[in-house]
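Listing of query.cif; format and content: mmCIF, N, CA and C atoms.
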data_run
#
loop_
_atom_site.label_atom_id
_atom_site.label_comp_id
_atom_site.auth_asym_id
_atom_site.auth_seq_id
_atom_site.Cartn_x
_atom_site.Cartn_y
_atom_site.Cartn_z
N MET A 1 6.57 5.98 -7.83
CA MET A 1 5.32 6.17 -7.12
C MET A 1 4.41 4.98 -7.42
N ASN A 2 3.87 4.39 -6.36
CA ASN A 2 2.89 3.31 -6.52
C ASN A 2 1.52 3.92 -6.78
N ARG A 3 0.75 3.27 -7.65
CA ARG A 3 -0.58 3.78 -8.00
C ARG A 3 -1.55 2.60 -8.14
N LEU A 4 -2.65 2.66 -7.39
CA LEU A 4 -3.72 1.67 -7.48
C LEU A 4 -5.03 2.40 -7.75
N THR A 5 -5.88 1.84 -8.60
CA THR A 5 -7.18 2.43 -8.89
C THR A 5 -8.26 1.62 -8.20
N GLY A 6 -9.19 2.33 -7.55
CA GLY A 6 -10.26 1.65 -6.85
C GLY A 6 -11.49 2.51 -6.73
N VAL A 7 -12.46 2.03 -5.95
CA VAL A 7 -13.73 2.71 -5.76
C VAL A 7 -13.93 2.98 -4.27
N ILE A 8 -14.34 4.19 -3.94
CA ILE A 8 -14.61 4.55 -2.54
C ILE A 8 -15.84 3.78 -2.05
N LYS A 9 -15.67 3.03 -0.97
CA LYS A 9 -16.75 2.22 -0.41
C LYS A 9 -17.37 2.87 0.83
N GLU A 10 -16.56 3.60 1.59
CA GLU A 10 -17.07 4.18 2.83
C GLU A 10 -16.22 5.38 3.20
N ILE A 11 -16.85 6.37 3.82
CA ILE A 11 -16.16 7.57 4.28
C ILE A 11 -16.61 7.87 5.71
N LYS A 12 -15.64 8.09 6.61
CA LYS A 12 -15.95 8.47 7.99
C LYS A 12 -15.20 9.76 8.29
N SER A 13 -15.88 10.76 8.84
CA SER A 13 -15.25 12.03 9.19
C SER A 13 -15.57 12.39 10.64
N VAL A 14 -14.52 12.71 11.41
CA VAL A 14 -14.69 13.12 12.79
C VAL A 14 -13.61 14.14 13.12
N GLU A 15 -14.03 15.28 13.65
CA GLU A 15 -13.12 16.31 14.16
C GLU A 15 -11.97 16.62 13.21
N GLY A 16 -12.27 16.86 11.93
CA GLY A 16 -11.25 17.28 10.98
C GLY A 16 -10.40 16.15 10.40
N ILE A 17 -10.71 14.92 10.75
CA ILE A 17 -9.99 13.77 10.19
C ILE A 17 -10.99 12.93 9.41
N THR A 18 -10.63 12.60 8.18
CA THR A 18 -11.48 11.78 7.34
C THR A 18 -10.78 10.48 7.03
N GLN A 19 -11.48 9.38 7.20
CA GLN A 19 -10.96 8.07 6.81
C GLN A 19 -11.78 7.59 5.63
N VAL A 20 -11.08 7.29 4.52
CA VAL A 20 -11.72 6.85 3.30
C VAL A 20 -11.32 5.41 3.06
N PHE A 21 -12.30 4.54 2.82
CA PHE A 21 -12.05 3.13 2.54
C PHE A 21 -12.26 2.91 1.05
N VAL A 22 -11.20 2.44 0.38
CA VAL A 22 -11.23 2.27 -1.07
C VAL A 22 -11.04 0.80 -1.41
N GLU A 23 -11.93 0.26 -2.24
CA GLU A 23 -11.83 -1.13 -2.67
C GLU A 23 -10.99 -1.21 -3.94
N VAL A 24 -9.93 -2.00 -3.87
CA VAL A 24 -9.07 -2.29 -5.01
C VAL A 24 -9.12 -3.81 -5.17
N GLU A 25 -9.62 -4.25 -6.32
CA GLU A 25 -9.93 -5.67 -6.54
C GLU A 25 -10.92 -6.06 -5.44
N ASP A 26 -10.62 -7.03 -4.61
CA ASP A 26 -11.54 -7.37 -3.52
C ASP A 26 -10.95 -7.02 -2.16
N LYS A 27 -9.96 -6.14 -2.14
CA LYS A 27 -9.30 -5.71 -0.89
C LYS A 27 -9.67 -4.27 -0.59
N ILE A 28 -9.74 -3.94 0.70
CA ILE A 28 -10.04 -2.58 1.14
C ILE A 28 -8.77 -1.93 1.66
N LEU A 29 -8.44 -0.76 1.09
CA LEU A 29 -7.33 0.04 1.57
C LEU A 29 -7.90 1.25 2.29
N SER A 30 -7.20 1.69 3.34
CA SER A 30 -7.64 2.80 4.17
C SER A 30 -6.75 4.01 3.92
N VAL A 31 -7.36 5.19 3.85
CA VAL A 31 -6.62 6.44 3.67
C VAL A 31 -7.08 7.41 4.74
N LEU A 32 -6.13 8.03 5.45
CA LEU A 32 -6.45 9.07 6.44
C LEU A 32 -6.12 10.43 5.85
N ILE A 33 -7.08 11.36 5.95
CA ILE A 33 -6.89 12.70 5.40
C ILE A 33 -7.19 13.71 6.50
N LEU A 34 -6.26 14.64 6.71
CA LEU A 34 -6.52 15.73 7.63
C LEU A 34 -7.29 16.79 6.87
N SER A 35 -8.26 17.39 7.52
CA SER A 35 -9.20 18.32 6.88
C SER A 35 -8.61 19.03 5.68
N GLY A 36 -9.24 18.81 4.53
CA GLY A 36 -8.81 19.43 3.29
C GLY A 36 -10.00 19.96 2.54
N ASP A 37 -9.74 20.58 1.40
CA ASP A 37 -10.80 21.17 0.60
C ASP A 37 -11.48 20.15 -0.30
N GLU A 38 -10.79 19.06 -0.59
CA GLU A 38 -11.30 18.05 -1.53
C GLU A 38 -12.43 17.26 -0.89
N GLU A 39 -13.50 17.06 -1.65
CA GLU A 39 -14.62 16.25 -1.18
C GLU A 39 -14.69 14.97 -1.98
N TYR A 40 -14.96 13.87 -1.28
CA TYR A 40 -15.05 12.56 -1.92
C TYR A 40 -16.44 11.99 -1.69
N LYS A 41 -16.86 11.09 -2.59
CA LYS A 41 -18.18 10.48 -2.49
C LYS A 41 -18.06 8.98 -2.61
N GLU A 42 -18.91 8.26 -1.86
CA GLU A 42 -18.96 6.80 -2.00
C GLU A 42 -19.33 6.46 -3.44
N GLY A 43 -18.67 5.44 -3.99
CA GLY A 43 -18.89 5.02 -5.37
C GLY A 43 -17.98 5.72 -6.36
N GLU A 44 -17.25 6.74 -5.91
CA GLU A 44 -16.35 7.48 -6.79
C GLU A 44 -15.09 6.66 -7.08
N ARG A 45 -14.64 6.68 -8.34
CA ARG A 45 -13.42 5.99 -8.76
C ARG A 45 -12.24 6.93 -8.51
N VAL A 46 -11.22 6.43 -7.80
CA VAL A 46 -10.06 7.25 -7.44
C VAL A 46 -8.77 6.44 -7.62
N ASN A 47 -7.67 7.16 -7.67
CA ASN A 47 -6.36 6.54 -7.67
C ASN A 47 -5.75 6.72 -6.28
N LEU A 48 -5.08 5.70 -5.78
CA LEU A 48 -4.35 5.78 -4.53
C LEU A 48 -2.87 5.85 -4.87
N LEU A 49 -2.18 6.81 -4.31
CA LEU A 49 -0.76 7.04 -4.60
C LEU A 49 0.04 6.96 -3.31
N PHE A 50 1.17 6.24 -3.36
CA PHE A 50 2.04 6.20 -2.20
C PHE A 50 3.46 5.90 -2.64
N LYS A 51 4.41 6.52 -1.93
CA LYS A 51 5.83 6.40 -2.27
C LYS A 51 6.36 5.01 -1.96
N GLU A 52 7.35 4.61 -2.72
CA GLU A 52 8.01 3.33 -2.50
C GLU A 52 8.65 3.27 -1.12
N THR A 53 9.12 4.41 -0.62
CA THR A 53 9.77 4.44 0.69
C THR A 53 8.78 4.30 1.83
N GLU A 54 7.48 4.37 1.54
CA GLU A 54 6.45 4.23 2.57
C GLU A 54 5.89 2.81 2.64
N VAL A 55 6.34 1.92 1.76
CA VAL A 55 5.85 0.55 1.75
C VAL A 55 6.80 -0.32 2.58
N MET A 56 6.29 -0.86 3.66
CA MET A 56 7.07 -1.74 4.52
C MET A 56 6.79 -3.19 4.12
N ILE A 57 7.67 -4.09 4.47
CA ILE A 57 7.42 -5.50 4.19
C ILE A 57 7.65 -6.33 5.44
N ALA A 58 7.04 -7.52 5.47
CA ALA A 58 7.13 -8.42 6.62
C ALA A 58 6.83 -9.83 6.15
N THR A 59 7.10 -10.78 7.01
CA THR A 59 6.76 -12.16 6.67
C THR A 59 5.23 -12.30 6.63
N PRO A 60 4.71 -13.26 5.85
CA PRO A 60 3.25 -13.40 5.71
C PRO A 60 2.50 -13.60 7.03
N GLU A 61 3.13 -14.25 7.99
CA GLU A 61 2.43 -14.53 9.24
C GLU A 61 2.55 -13.43 10.29
N SER A 62 3.21 -12.33 9.97
CA SER A 62 3.38 -11.23 10.92
C SER A 62 2.06 -10.57 11.28
N GLN A 63 1.90 -10.22 12.54
CA GLN A 63 0.76 -9.45 13.00
C GLN A 63 1.16 -7.99 13.03
N VAL A 64 0.36 -7.12 12.43
CA VAL A 64 0.69 -5.70 12.39
C VAL A 64 -0.56 -4.86 12.63
N SER A 65 -0.35 -3.61 12.99
CA SER A 65 -1.48 -2.72 13.24
C SER A 65 -1.88 -1.93 12.00
N ALA A 66 -1.09 -1.93 10.96
CA ALA A 66 -1.40 -1.17 9.75
C ALA A 66 -2.65 -1.73 9.08
N ARG A 67 -3.58 -0.84 8.69
CA ARG A 67 -4.82 -1.26 8.03
C ARG A 67 -4.54 -1.79 6.62
N ASN A 68 -3.54 -1.23 5.97
CA ASN A 68 -3.20 -1.62 4.60
C ASN A 68 -2.06 -2.64 4.65
N SER A 69 -2.43 -3.88 4.79
CA SER A 69 -1.47 -4.97 4.96
C SER A 69 -1.92 -6.14 4.10
N PHE A 70 -1.09 -6.52 3.11
CA PHE A 70 -1.49 -7.54 2.15
C PHE A 70 -0.32 -8.48 1.85
N VAL A 71 -0.63 -9.74 1.63
CA VAL A 71 0.38 -10.73 1.26
C VAL A 71 0.37 -10.84 -0.26
N SER A 72 1.55 -10.69 -0.87
CA SER A 72 1.69 -10.77 -2.32
C SER A 72 3.01 -11.45 -2.67
N ARG A 73 3.11 -11.89 -3.91
CA ARG A 73 4.32 -12.56 -4.39
C ARG A 73 5.35 -11.53 -4.84
N ILE A 74 6.62 -11.77 -4.46
CA ILE A 74 7.72 -10.92 -4.92
C ILE A 74 8.02 -11.26 -6.37
N THR A 75 8.03 -10.23 -7.22
CA THR A 75 8.29 -10.46 -8.65
C THR A 75 9.71 -10.08 -9.06
N SER A 76 10.33 -9.16 -8.32
CA SER A 76 11.72 -8.80 -8.63
C SER A 76 12.37 -8.13 -7.44
N ILE A 77 13.69 -8.22 -7.40
CA ILE A 77 14.49 -7.58 -6.35
C ILE A 77 15.72 -6.96 -7.02
N SER A 78 15.95 -5.68 -6.76
CA SER A 78 17.15 -5.00 -7.24
C SER A 78 17.93 -4.54 -6.02
N ILE A 79 19.19 -4.94 -5.94
CA ILE A 79 19.99 -4.65 -4.75
C ILE A 79 21.09 -3.64 -5.08
N GLY A 80 21.12 -2.56 -4.29
CA GLY A 80 22.16 -1.55 -4.41
C GLY A 80 23.12 -1.65 -3.25
N GLU A 81 23.99 -0.67 -3.12
CA GLU A 81 24.97 -0.66 -2.04
C GLU A 81 24.31 -0.53 -0.67
N ILE A 82 23.29 0.34 -0.57
CA ILE A 82 22.63 0.60 0.70
C ILE A 82 21.17 0.17 0.68
N LEU A 83 20.48 0.41 -0.43
CA LEU A 83 19.05 0.14 -0.53
C LEU A 83 18.75 -1.02 -1.47
N ALA A 84 17.57 -1.57 -1.30
CA ALA A 84 17.08 -2.62 -2.20
C ALA A 84 15.65 -2.27 -2.60
N GLU A 85 15.31 -2.59 -3.84
CA GLU A 85 13.94 -2.39 -4.32
C GLU A 85 13.29 -3.75 -4.47
N VAL A 86 12.14 -3.93 -3.81
CA VAL A 86 11.41 -5.18 -3.86
C VAL A 86 10.06 -4.90 -4.53
N ALA A 87 9.76 -5.64 -5.61
CA ALA A 87 8.50 -5.44 -6.33
C ALA A 87 7.56 -6.60 -6.06
N PHE A 88 6.28 -6.28 -5.88
CA PHE A 88 5.23 -7.26 -5.60
C PHE A 88 4.19 -7.23 -6.70
N ASP A 89 3.52 -8.36 -6.90
CA ASP A 89 2.37 -8.43 -7.79
C ASP A 89 1.11 -8.36 -6.93
N PHE A 90 0.35 -7.28 -7.07
CA PHE A 90 -0.91 -7.09 -6.36
C PHE A 90 -2.02 -7.05 -7.39
N TYR A 91 -2.61 -8.22 -7.68
CA TYR A 91 -3.68 -8.34 -8.66
C TYR A 91 -3.28 -7.75 -10.02
N GLY A 92 -2.06 -8.06 -10.45
CA GLY A 92 -1.59 -7.60 -11.74
C GLY A 92 -0.98 -6.21 -11.72
N LYS A 93 -1.02 -5.53 -10.59
CA LYS A 93 -0.40 -4.21 -10.44
C LYS A 93 0.91 -4.37 -9.70
N LYS A 94 1.89 -3.59 -10.10
CA LYS A 94 3.21 -3.64 -9.46
C LYS A 94 3.24 -2.69 -8.27
N ILE A 95 3.57 -3.21 -7.10
CA ILE A 95 3.79 -2.41 -5.89
C ILE A 95 5.26 -2.52 -5.57
N THR A 96 5.90 -1.39 -5.37
CA THR A 96 7.34 -1.36 -5.13
C THR A 96 7.64 -0.84 -3.73
N SER A 97 8.57 -1.49 -3.07
CA SER A 97 9.04 -1.06 -1.76
C SER A 97 10.55 -0.84 -1.82
N ILE A 98 11.01 0.23 -1.20
CA ILE A 98 12.45 0.46 -1.08
C ILE A 98 12.80 0.31 0.39
N ILE A 99 13.66 -0.67 0.67
CA ILE A 99 14.08 -0.96 2.04
C ILE A 99 15.61 -1.00 2.06
N THR A 100 16.19 -1.08 3.25
CA THR A 100 17.65 -1.18 3.31
C THR A 100 18.09 -2.57 2.87
N ARG A 101 19.30 -2.62 2.38
CA ARG A 101 19.87 -3.91 1.98
C ARG A 101 19.96 -4.85 3.18
N GLY A 102 20.27 -4.29 4.34
CA GLY A 102 20.35 -5.10 5.55
C GLY A 102 19.03 -5.74 5.90
N ALA A 103 17.93 -4.97 5.79
CA ALA A 103 16.60 -5.52 6.07
C ALA A 103 16.26 -6.62 5.07
N LEU A 104 16.61 -6.43 3.81
CA LEU A 104 16.37 -7.45 2.79
C LEU A 104 17.08 -8.75 3.16
N ASN A 105 18.35 -8.63 3.56
CA ASN A 105 19.12 -9.81 3.94
C ASN A 105 18.55 -10.49 5.19
N GLU A 106 18.13 -9.70 6.18
CA GLU A 106 17.57 -10.27 7.40
C GLU A 106 16.27 -11.03 7.13
N LEU A 107 15.44 -10.48 6.24
CA LEU A 107 14.17 -11.12 5.91
C LEU A 107 14.33 -12.30 4.95
N LYS A 108 15.51 -12.39 4.33
CA LYS A 108 15.79 -13.47 3.36
C LYS A 108 14.78 -13.50 2.21
N CYS A 109 14.47 -12.30 1.69
CA CYS A 109 13.52 -12.18 0.58
C CYS A 109 14.09 -12.81 -0.68
N GLN A 110 13.25 -13.53 -1.40
CA GLN A 110 13.61 -14.14 -2.68
C GLN A 110 12.46 -13.93 -3.66
N VAL A 111 12.80 -13.80 -4.93
CA VAL A 111 11.77 -13.71 -5.97
C VAL A 111 10.89 -14.96 -5.90
N ASP A 112 9.61 -14.79 -6.07
CA ASP A 112 8.54 -15.81 -6.02
C ASP A 112 8.10 -16.14 -4.59
N ASP A 113 8.78 -15.63 -3.56
CA ASP A 113 8.32 -15.82 -2.19
C ASP A 113 7.12 -14.91 -1.93
N GLU A 114 6.24 -15.32 -1.04
CA GLU A 114 5.16 -14.46 -0.60
C GLU A 114 5.60 -13.72 0.65
N PHE A 115 5.40 -12.42 0.64
CA PHE A 115 5.71 -11.57 1.78
C PHE A 115 4.56 -10.60 1.98
N ARG A 116 4.49 -10.05 3.15
CA ARG A 116 3.47 -9.04 3.47
C ARG A 116 4.05 -7.67 3.15
N TRP A 117 3.26 -6.82 2.48
CA TRP A 117 3.64 -5.42 2.30
C TRP A 117 2.60 -4.56 2.99
N LEU A 118 3.04 -3.43 3.54
CA LEU A 118 2.18 -2.58 4.34
C LEU A 118 2.44 -1.11 3.99
N VAL A 119 1.42 -0.32 4.07
CA VAL A 119 1.58 1.13 3.95
C VAL A 119 0.58 1.77 4.92
N LYS A 120 1.07 2.69 5.74
CA LYS A 120 0.21 3.34 6.72
C LYS A 120 -0.84 4.19 6.02
N SER A 121 -2.03 4.23 6.58
CA SER A 121 -3.15 4.97 5.99
C SER A 121 -2.83 6.44 5.75
N ASN A 122 -2.07 7.06 6.63
CA ASN A 122 -1.76 8.48 6.48
C ASN A 122 -0.67 8.73 5.45
N GLU A 123 -0.10 7.70 4.84
CA GLU A 123 0.92 7.85 3.81
C GLU A 123 0.34 7.63 2.40
N VAL A 124 -0.97 7.39 2.31
CA VAL A 124 -1.62 7.17 1.02
C VAL A 124 -2.37 8.44 0.65
N SER A 125 -2.21 8.90 -0.59
CA SER A 125 -2.95 10.04 -1.12
C SER A 125 -4.01 9.56 -2.09
N ILE A 126 -5.07 10.34 -2.23
CA ILE A 126 -6.13 10.02 -3.18
C ILE A 126 -6.08 11.02 -4.32
N GLN A 127 -6.21 10.50 -5.54
CA GLN A 127 -6.25 11.33 -6.74
C GLN A 127 -7.54 10.99 -7.48
N LYS A 128 -8.33 12.00 -7.78
CA LYS A 128 -9.57 11.74 -8.52
C LYS A 128 -9.22 11.28 -9.93
N GLY A 129 -10.05 10.31 -10.44
CA GLY A 129 -9.84 9.72 -11.76
C GLY A 129 -9.99 10.74 -12.83
#
Could you write out this file's structure as structure tokens?
Amino acid sequence: MNRLTGVIKEIKSVEGITQVFVEVEDKILSVLILSGDEEYKEGERVNLLFKETEVMIATPESQVSARNSFVSRITSISIGEILAEVAFDFYGKKITSIITRGALNELKCQVDDEFRWLVKSNEVSIQKG
């Protein structure tokens, strides 16, 4: 499980959907929440959690619609029979993506290369500190 700690900067709620903007280092990550019991406040410190299988990767120059899209350096790659694990350095925090071995080969990922990693807003959970 990937985990980043940040501060809530903005909250928007409309028709049972809440979008929370969380600052991690100097980057803003977006989280979509369908009406829940948990209440969040601007300025609150929270943890963002998301599965390795929800982190997509792309070349740095790729255009994407995902709000959570960042270019980071690959720190390690572990290759299995079917899947590969690609780890990124995001301001000293490790972000891990699990992709197919075929996708890894097509993208020609190498350690120390910069690649874009993405996670959809609705795949990120918030955990109070």
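Proximity to stretch 30-34 of chain A at 7 Å, evaluated using all atoms listed in the file and with sequence-adjacent residues fewer than 6 positions away removed, yields A:Gly16, A:Ile17, A:Thr18, A:Gln19, A:Val20, A:Phe21, A:Val22, A:Arg67, A:Asn68, A:Lys120, A:Ser121, A:Asn122, A:Glu123, A:Val124, A:Ser125.
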Once 4 Å is added on each side, what are the centre and the three edge lengths, in Å to one decimal, of the axis-aligned box enclosing the listed atoms of stretch 24-31 of chain A? Present them as JSON.
{"center_x": -9.1, "center_y": 0.0, "center_z": -0.9, "size_x": 12.9, "size_y": 22.8, "size_z": 19.3}
Which residue, A:Asp113, A:Gly43, A:Ile77, A:Leu118, has the smallest gap to A:Ser65 when you use only C-alpha atoms?
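For A:Ser65, the nearest of the given residues is A:Leu118.
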Name all residues at most 5 Å from A:Gly129 (count only N, CA and C atoms; drop same-chain ones fewer than 2 positions away) and give them as number ranges by chain.
A: 45-47, 127
Under the rule that only C-alpha atoms are counted, which of A:Ile98, A:Ile74, A:Leu48, A:Val86 is the nearest residue to A:Pro60?
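Among A:Ile98, A:Ile74, A:Leu48, A:Val86, it is A:Ile74 that comes nearest to A:Pro60.
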If I take atom C of A:Ile11 and atom N of A:Asp89, how far is one from the other in Å, to one decimal?
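Computed distance, atom C of A:Ile11 to atom N of A:Asp89, equals 28.8 Å.
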For a test of reading the model, state the distance in Å between atom N of A:Trp117 and atom CA of A:Lys12, rounded to one decimal.
25.2 Å
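Minimum atom-to-atom distances from A:Val111, A:Lys41, A:Leu49, A:Ile79 to A:Leu4 were compared using only N, CA and C atoms, and the lowest value belongs to A:Leu49.
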DSSP helix (DSSP H, G or I) residues within chain A, listed as a list in words:
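Matching residues for helix (DSSP H, G or I) in chain A are Glu52, Thr53, Glu54, Arg101, Gly102, Ala103, Leu104, Asn105, Glu106, Leu107, Ser121, Asn122 and Glu123 of chain A.
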Exercise: stretch 25-27 of chain A partners within 9 Å, only C-alpha atoms, chain neighbours under 2 positions left out, as JSON, numbers by chain:
{"A": [5, 6, 22, 23, 29, 70, 91]}
N, CA and C atoms of the current selection, written as an mmCIF file, keeping the file's coordinate frame:
data_model
loop_
_atom_site.group_PDB
_atom_site.id
_atom_site.type_symbol
_atom_site.label_atom_id
_atom_site.label_comp_id
_atom_site.auth_asym_id
_atom_site.auth_seq_id
_atom_site.Cartn_x
_atom_site.Cartn_y
_atom_site.Cartn_z
ATOM 1 N N THR A 5 -5.880 1.840 -8.600
ATOM 2 C CA THR A 5 -7.180 2.430 -8.890
ATOM 3 C C THR A 5 -8.260 1.620 -8.200
ATOM 4 N N GLY A 6 -9.190 2.330 -7.550
ATOM 5 C CA GLY A 6 -10.260 1.650 -6.850
ATOM 6 C C GLY A 6 -11.490 2.510 -6.730
ATOM 7 N N VAL A 22 -11.200 2.440 0.380
ATOM 8 C CA VAL A 22 -11.230 2.270 -1.070
ATOM 9 C C VAL A 22 -11.040 0.800 -1.410
ATOM 10 N N GLU A 23 -11.930 0.260 -2.240
ATOM 11 C CA GLU A 23 -11.830 -1.130 -2.670
ATOM 12 C C GLU A 23 -10.990 -1.210 -3.940
ATOM 13 N N LEU A 29 -8.440 -0.760 1.090
ATOM 14 C CA LEU A 29 -7.330 0.040 1.570
ATOM 15 C C LEU A 29 -7.900 1.250 2.290
ATOM 16 N N PHE A 70 -1.090 -6.520 3.110
ATOM 17 C CA PHE A 70 -1.490 -7.540 2.150
ATOM 18 C C PHE A 70 -0.320 -8.480 1.850
ATOM 19 N N TYR A 91 -2.610 -8.220 -7.680
ATOM 20 C CA TYR A 91 -3.680 -8.340 -8.660
ATOM 21 C C TYR A 91 -3.280 -7.750 -10.020
#
